[in-house]
>>> print(open('upload-v3.cif').read())   # mmCIF, C-alpha atoms
data_model
#
loop_
_atom_site.label_atom_id
_atom_site.label_comp_id
_atom_site.auth_asym_id
_atom_site.auth_seq_id
_atom_site.Cartn_x
_atom_site.Cartn_y
_atom_site.Cartn_z
CA MET A 1127 -13.44 27.78 7.46
CA GLU A 1128 -12.52 31.12 5.94
CA GLY A 1129 -16.09 31.91 4.97
CA MET A 1130 -19.20 30.58 3.30
CA ALA A 1131 -21.73 31.78 0.78
CA ALA A 1132 -25.15 32.96 1.94
CA PRO A 1133 -28.08 33.84 -0.38
CA GLU A 1134 -29.52 37.36 -0.54
CA GLU A 1135 -32.07 39.03 -2.78
CA ASP A 1136 -31.22 42.01 -4.98
CA GLY A 1137 -34.18 43.26 -6.94
CA GLY A 1138 -35.79 39.84 -6.98
CA VAL A 1139 -32.56 38.14 -8.09
CA VAL A 1140 -31.01 35.73 -5.58
CA THR A 1141 -27.24 36.15 -5.36
CA ARG A 1142 -24.67 34.76 -2.99
CA ARG A 1143 -22.50 36.68 -0.60
CA ARG A 1144 -19.53 35.43 1.41
CA VAL A 1145 -19.68 35.43 5.19
CA ALA A 1146 -16.28 35.69 6.87
CA GLY A 1147 -15.35 34.21 10.25
CA VAL A 1148 -17.53 31.11 10.02
CA THR A 1149 -16.28 28.15 12.06
CA ILE A 1150 -17.43 24.55 12.23
CA ASP A 1151 -16.77 21.72 14.66
CA LEU A 1152 -15.21 19.09 12.40
CA ASP A 1153 -16.52 16.34 14.68
CA VAL A 1154 -19.91 16.78 13.00
CA LEU A 1155 -18.28 15.46 9.82
CA ASP A 1156 -17.48 12.15 11.50
CA CYS A 1157 -19.72 9.10 11.37
CA PRO A 1158 -21.47 8.92 14.78
CA VAL A 1159 -21.01 5.14 14.84
CA CYS A 1160 -17.35 4.54 13.91
CA CYS A 1161 -16.15 8.16 14.42
CA HIS A 1162 -14.25 8.06 11.12
CA PRO A 1163 -14.65 10.98 8.67
CA LEU A 1164 -17.79 10.75 6.56
CA ARG A 1165 -17.27 10.28 2.84
CA PRO A 1166 -19.76 9.66 0.04
CA PRO A 1167 -22.00 7.75 -0.05
CA VAL A 1168 -23.63 8.90 3.20
CA PHE A 1169 -26.97 7.48 4.37
CA GLN A 1170 -29.74 8.60 6.71
CA CYS A 1171 -32.74 6.99 8.33
CA THR A 1172 -36.24 8.45 7.85
CA VAL A 1173 -35.78 10.53 11.00
CA GLY A 1174 -32.51 11.95 9.65
CA HIS A 1175 -29.81 10.11 11.63
CA ILE A 1176 -26.62 9.88 9.57
CA ILE A 1177 -24.41 6.83 9.04
CA CYS A 1178 -21.47 6.01 6.74
CA SER A 1179 -21.70 3.28 4.10
CA SER A 1180 -19.26 1.00 5.95
CA CYS A 1181 -21.29 1.04 9.16
CA LEU A 1182 -24.52 0.66 7.21
CA GLU A 1183 -23.28 -2.62 5.72
CA LYS A 1184 -22.48 -3.93 9.21
CA LEU A 1185 -25.74 -2.83 10.83
CA GLN A 1186 -28.38 -3.09 8.12
CA ASP A 1187 -29.24 -6.71 8.94
CA ASN A 1188 -30.56 -5.43 12.25
CA GLY A 1189 -33.22 -3.45 10.38
CA LYS A 1190 -33.20 -0.68 12.97
CA CYS A 1191 -31.62 2.74 13.24
CA TYR A 1192 -28.54 2.68 15.45
CA LEU A 1193 -29.83 5.74 17.39
CA CYS A 1194 -33.63 5.76 17.48
CA SER A 1195 -34.01 1.95 17.13
CA LEU A 1196 -36.99 2.41 14.80
CA ARG A 1197 -37.40 -0.02 11.94
CA MET A 1198 -36.80 1.87 8.75
CA VAL A 1199 -35.02 1.94 5.40
CA TYR A 1200 -31.90 4.06 4.94
CA SER A 1201 -31.55 6.34 1.91
CA ARG A 1202 -28.76 8.47 0.45
CA CYS A 1203 -28.31 11.89 2.06
CA HIS A 1204 -27.13 14.02 -0.85
CA MET A 1205 -27.21 17.25 1.14
CA VAL A 1206 -24.66 15.97 3.69
CA GLU A 1207 -22.55 14.59 0.84
CA HIS A 1208 -22.57 18.02 -0.79
CA ILE A 1209 -21.50 19.66 2.48
CA ILE A 1210 -18.58 17.32 3.18
CA GLU A 1211 -17.37 17.68 -0.43
CA SER A 1212 -17.51 21.48 -0.26
CA ILE A 1213 -15.61 21.96 3.01
CA LYS A 1214 -11.85 22.16 2.42
CA VAL A 1215 -9.26 21.96 5.21
CA ALA A 1216 -5.56 22.74 5.33
CA CYS A 1217 -2.81 20.18 5.83
CA SER A 1218 -1.42 19.96 9.37
CA ASN A 1219 1.97 20.76 7.84
CA SER A 1220 0.88 24.11 6.41
CA ASN A 1221 3.30 25.88 8.75
CA LEU A 1222 6.09 23.84 7.16
CA GLY A 1223 5.26 24.91 3.61
CA CYS A 1224 2.41 22.63 2.49
CA THR A 1225 -0.23 24.62 0.61
CA ALA A 1226 -2.56 21.72 -0.19
CA ARG A 1227 -6.23 21.93 0.72
CA MET A 1228 -8.45 18.89 0.62
CA THR A 1229 -11.76 17.57 1.88
CA TYR A 1230 -11.84 16.63 5.54
CA TYR A 1231 -12.01 12.90 4.80
CA GLN A 1232 -8.96 13.11 2.51
CA LYS A 1233 -6.78 14.84 5.13
CA GLU A 1234 -5.41 11.72 6.79
CA ASP A 1235 -4.47 10.04 3.50
CA HIS A 1236 -2.81 13.23 2.26
CA GLU A 1237 -0.69 13.61 5.39
CA LYS A 1238 0.52 10.02 5.17
CA GLY A 1239 2.38 11.01 2.00
CA CYS A 1240 2.90 14.74 2.52
CA ARG A 1241 6.49 15.69 1.72
CA HIS A 1242 6.33 18.51 4.28
CA VAL A 1243 6.06 16.17 7.27
CA PRO A 1244 8.89 17.26 9.60
CA CYS A 1245 12.31 15.65 9.78
CA PHE A 1246 14.69 16.19 12.68
CA CYS A 1247 18.25 17.33 13.24
CA PRO A 1248 20.39 14.43 14.53
CA GLU A 1249 22.98 16.67 16.21
CA ASP A 1250 23.20 16.13 19.97
CA GLY A 1251 21.41 18.87 21.88
CA CYS A 1252 19.64 20.27 18.81
CA SER A 1253 15.83 20.18 18.82
CA PHE A 1254 15.23 21.59 15.31
CA SER A 1255 12.56 19.99 13.14
CA GLY A 1256 11.15 21.01 9.77
CA SER A 1257 10.63 19.99 6.16
CA THR A 1258 13.62 18.55 4.33
CA MET A 1259 14.33 21.89 2.65
CA MET A 1260 14.14 23.67 5.99
CA LEU A 1261 16.43 21.00 7.42
CA LEU A 1262 18.93 21.57 4.62
CA ASP A 1263 19.07 25.29 5.44
CA HIS A 1264 19.42 24.45 9.14
CA PHE A 1265 22.36 22.13 8.50
CA SER A 1266 24.13 24.83 6.49
CA ILE A 1267 23.40 27.85 8.70
CA SER A 1268 23.38 26.43 12.21
CA HIS A 1269 25.92 23.62 11.93
CA LYS A 1270 27.97 24.77 8.92
CA TRP A 1271 27.64 21.37 7.26
CA GLN A 1272 28.65 21.36 3.63
CA SER A 1273 26.08 20.32 1.03
CA VAL A 1274 26.89 18.85 -2.39
CA LYS A 1275 24.59 18.06 -5.31
CA VAL A 1276 24.65 14.43 -6.39
CA THR A 1277 23.47 13.03 -9.73
CA TYR A 1278 21.97 9.57 -9.50
CA ASN A 1279 23.95 6.75 -11.15
CA MET A 1280 26.98 9.04 -11.41
CA ARG A 1281 30.17 8.69 -9.36
CA LEU A 1282 30.80 11.43 -6.82
CA ALA A 1283 34.19 11.74 -5.13
CA PHE A 1284 35.13 14.14 -2.35
CA CYS A 1285 37.44 14.44 0.64
CA LEU A 1286 35.81 13.66 3.96
CA GLN A 1287 37.27 14.58 7.32
CA VAL A 1288 36.70 12.46 10.38
CA GLY A 1289 34.31 14.18 12.77
CA THR A 1290 32.46 16.07 10.03
CA SER A 1291 29.08 15.73 8.32
CA MET A 1292 28.13 16.28 4.69
CA VAL A 1293 24.69 16.56 3.11
CA LEU A 1294 24.13 15.26 -0.43
CA VAL A 1295 21.20 16.70 -2.39
CA GLY A 1296 19.74 14.41 -5.05
CA ASP A 1297 18.32 15.36 -8.45
CA ASP A 1298 14.78 15.13 -7.05
CA GLY A 1299 15.49 16.96 -3.78
CA HIS A 1300 16.11 13.90 -1.61
CA LEU A 1301 18.66 14.47 1.14
CA PHE A 1302 21.41 12.04 2.10
CA LEU A 1303 23.50 12.45 5.23
CA VAL A 1304 27.10 11.24 5.43
CA GLN A 1305 28.84 11.37 8.80
CA VAL A 1306 32.19 10.19 10.08
CA VAL A 1307 32.26 9.81 13.84
CA ILE A 1308 34.90 8.62 16.29
CA CYS A 1309 34.17 5.65 18.50
CA SER A 1310 37.11 4.80 20.76
CA PHE A 1311 39.94 4.23 18.25
CA ASP A 1312 37.58 3.35 15.41
CA ALA A 1313 35.97 5.69 12.91
CA LEU A 1314 32.48 4.88 11.68
CA LEU A 1315 31.14 5.98 8.32
CA LEU A 1316 27.38 6.54 8.61
CA VAL A 1317 25.11 6.98 5.57
CA CYS A 1318 21.34 7.35 5.41
CA CYS A 1319 18.56 8.93 3.35
CA ILE A 1320 16.50 11.65 5.07
CA GLN A 1321 12.80 11.28 4.25
CA PRO A 1322 9.71 12.45 6.16
CA HIS A 1323 8.16 8.98 5.88
CA ASN A 1324 10.06 5.87 6.91
CA THR A 1325 9.08 3.88 3.85
CA GLY A 1326 11.99 1.45 3.95
CA SER A 1327 14.77 1.35 1.40
CA THR A 1328 14.42 3.30 -1.85
CA PHE A 1329 18.06 3.81 -2.87
CA ASN A 1330 21.04 1.57 -3.57
CA CYS A 1331 24.46 2.88 -2.60
CA SER A 1332 27.93 1.86 -3.71
CA LEU A 1333 30.85 3.49 -1.98
CA LYS A 1334 34.59 3.22 -1.67
CA LEU A 1335 36.69 4.82 1.04
CA SER A 1336 40.42 5.13 0.39
CA ARG A 1337 43.66 6.82 1.48
CA HIS A 1338 47.11 6.76 -0.09
CA GLN A 1339 49.30 7.17 3.03
CA PRO A 1340 48.97 5.05 5.04
CA ARG A 1341 47.46 2.95 2.29
CA TYR A 1342 43.88 1.96 2.97
CA SER A 1343 40.88 0.97 0.87
CA GLN A 1344 37.45 -0.43 1.65
CA ALA A 1345 34.41 -0.78 -0.60
CA THR A 1346 30.83 -1.89 -0.06
CA LYS A 1347 27.37 -1.94 -1.65
CA PHE A 1348 24.16 -1.76 0.31
CA LEU A 1349 20.49 -0.88 0.31
CA MET A 1350 20.18 2.53 1.93
CA ARG A 1351 17.44 2.91 4.52
CA SER A 1352 15.25 5.97 5.00
CA THR A 1353 14.71 7.85 8.25
CA ASN A 1354 13.20 11.12 9.49
CA LEU A 1355 15.96 11.24 12.15
CA ARG A 1356 13.43 11.67 14.96
CA ASP A 1357 15.58 9.39 17.15
CA GLY A 1358 18.91 10.44 15.65
CA MET A 1359 20.87 8.23 13.29
CA PRO A 1360 19.17 4.81 13.64
CA GLY A 1361 21.71 2.05 14.13
CA GLU A 1362 19.90 -0.53 12.03
CA SER A 1363 20.05 1.66 8.90
CA LEU A 1364 23.73 2.60 9.08
CA ARG A 1365 26.61 1.18 7.13
CA LEU A 1366 29.59 0.89 9.49
CA MET A 1367 33.15 0.73 8.16
CA ALA A 1368 35.86 0.21 10.81
CA LEU A 1369 38.96 2.31 10.16
CA LYS A 1370 40.95 1.24 13.23
CA GLU A 1371 44.06 0.58 11.13
CA LEU A 1372 44.39 4.30 10.39
CA PHE A 1373 44.64 5.31 14.01
CA SER A 1374 46.75 2.54 15.48
CA ASN A 1375 49.78 4.85 15.79
CA THR A 1376 48.25 8.30 15.76
CA GLY A 1377 45.93 8.38 18.77
CA ALA A 1378 42.43 9.73 18.98
CA SER A 1379 43.55 13.37 19.16
CA ALA A 1380 44.90 13.22 15.63
CA ALA A 1381 41.84 11.48 14.21
CA ALA A 1382 40.11 14.70 13.16
CA LYS A 1383 43.06 15.59 10.94
CA VAL A 1384 42.94 12.40 8.87
CA GLY A 1385 41.45 13.00 5.43
CA MET A 1386 39.83 10.28 3.32
CA VAL A 1387 38.57 10.13 -0.24
CA LEU A 1388 35.00 8.90 -0.52
CA GLU A 1389 33.70 7.67 -3.88
CA LEU A 1390 29.93 7.19 -3.90
CA VAL A 1391 27.20 6.19 -6.37
CA ILE A 1392 23.52 6.47 -5.42
CA THR A 1393 20.95 4.65 -7.53
CA PRO A 1394 17.16 4.88 -7.04
CA GLN A 1395 15.37 1.55 -6.89
#
>>> encode(input="upload-v3.cif", output="structure tokens")
Amino acid sequence: MEGMAAPEEDGGVVTRRRVAGVTIDLDVLDCPVCCHPLRPPVFQCTVGHIICSSCLEKLQDNGKCYLCSLRMVYSRCHMVEHIIESIKVACSNSNLGCTARMTYYQKEDHEKGCRHVPCFCPEDGCSFSGSTMMLLDHFSISHKWQSVKVTYNMRLAFCLQVGTSMVLVGDDGHLFLVQVVICSFDALLLVCCIQPHNTGSTFNCSLKLSRHQPRYSQATKFLMRSTNLRDGMPGESLRLMALKELFSNTGASAAAKVGMVLELVITPQ
């Protein structure tokens, strides 16, 4: 806690002053029975032992306090409710740009959907992690990957070299990673959506890969999966397109020089 207000008298008038450097053990804000964060309504026995409403429902048939074992009736503890509502904590991702502050019992729910939860660089040997915007800067500065803005439901066409990676930036800030990698004499086109929370598929993708000489064309539609790239590019969420025909007479050493035209349409679900 950054500080708290303390009362003081000034000519008979009680005012409040702020006290800096106050700390609190957040464990005291947990229910002593289930150890989950306390949230209103909070109850206490006549001696003052605290319990959350969920545990009260499970234990009230016993008719005794969970701690002192005395038979008594529980009542609302408005003072504790006021305290837990007044204490605000920072998100665990504050060092990644999240400025939200919430009550202690709301922290877990907030972080389940926080857009600043770190994503990871999939490049071999790179240990960088950060928010999606930090990751975008990392891709550009550290790996020199090109980034292109993409408008949803609009066709985007660009040349893609084998062995390179490109980052697409959606209208709403979502990142999409397109990679072409060499596997033996095949080339694999890998596409995924980078999101801090693996919430399943949220985007449809239609793409066409083509080349005039030697003539080649392949098209597909699929439901794009989301990943935070913690374990690299996950195999189950990739769309693989075998391009073995292109390299049958050129050899793997020439693969990086083969340019393809990629036409892509991304549509939110």
>>> resolve_selection(input="upload-v3.cif", expression="the PyMOL selection byres ((chain A and resi 1350) around 7)", output="compact mmCIF listing (two decimals) with C-alpha atoms, in the coordinates of the input")
# COMPACT_ATOMS: atom_id res chain seq x y z
CA CYS A 1318 21.34 7.35 5.41
CA CYS A 1319 18.56 8.93 3.35
CA SER A 1327 14.77 1.35 1.40
CA THR A 1328 14.42 3.30 -1.85
CA PHE A 1329 18.06 3.81 -2.87
CA ASN A 1330 21.04 1.57 -3.57
CA CYS A 1331 24.46 2.88 -2.60
CA PHE A 1348 24.16 -1.76 0.31
CA LEU A 1349 20.49 -0.88 0.31
CA ARG A 1351 17.44 2.91 4.52
CA SER A 1352 15.25 5.97 5.00
>>> atom_distance(input="upload-v3.cif", atom1="CA of Arg1227 (chain A)", atom2="CA of Cys1178 (chain A)")
22.8 Å
>>> resolve_selection(input="upload-v3.cif", expression="the PyMOL selection byres ((chain A and resi 1153-1159) around 12)", output="ChimeraX atom specification")
/A:1149-1152,1160-1170,1175-1182,1184-1185,1191-1193,1206-1214,1229-1231
>>> residues_around(input="upload-v3.cif", residues="Thr1346 (chain A)", least_positions_apart="4", cutoff="7 Å", atoms="all atoms listed in the file", output="VMD selection string")
chain A and resid 1332 to 1334
>>> closest_residue(input="upload-v3.cif", among="A:Ala1345, A:Met1259, A:Val1387, A:Met1198", to="Gly1223 (chain A)", atoms="only C-alpha atoms")
A:Met1259
>>> resolve_selection(input="upload-v3.cif", expression="the PyMOL selection byres ((chain A and resi 1265-1281) around 6)", output="PDB file with C-alpha atoms, in the coordinates of the input")
ATOM      1  CA  LEU A1262      18.930  21.570   4.620  1.00  0.00           C
ATOM      2  CA  ASP A1263      19.070  25.290   5.440  1.00  0.00           C
ATOM      3  CA  HIS A1264      19.420  24.450   9.140  1.00  0.00           C
ATOM      4  CA  LEU A1282      30.800  11.430  -6.820  1.00  0.00           C
ATOM      5  CA  SER A1291      29.080  15.730   8.320  1.00  0.00           C
ATOM      6  CA  MET A1292      28.130  16.280   4.690  1.00  0.00           C
ATOM      7  CA  VAL A1293      24.690  16.560   3.110  1.00  0.00           C
ATOM      8  CA  LEU A1294      24.130  15.260  -0.430  1.00  0.00           C
ATOM      9  CA  VAL A1295      21.200  16.700  -2.390  1.00  0.00           C
ATOM     10  CA  GLY A1296      19.740  14.410  -5.050  1.00  0.00           C
ATOM     11  CA  ASP A1297      18.320  15.360  -8.450  1.00  0.00           C
ATOM     12  CA  LEU A1390      29.930   7.190  -3.900  1.00  0.00           C
ATOM     13  CA  VAL A1391      27.200   6.190  -6.370  1.00  0.00           C
ATOM     14  CA  ILE A1392      23.520   6.470  -5.420  1.00  0.00           C
ATOM     15  CA  THR A1393      20.950   4.650  -7.530  1.00  0.00           C
TER      16      THR A1393
END
>>> closest_residue(input="upload-v3.cif", among="A:Val1304, A:Asp1235, A:Cys1245, A:His1204", to="Leu1388 (chain A)", atoms="all atoms listed in the file")
A:Val1304
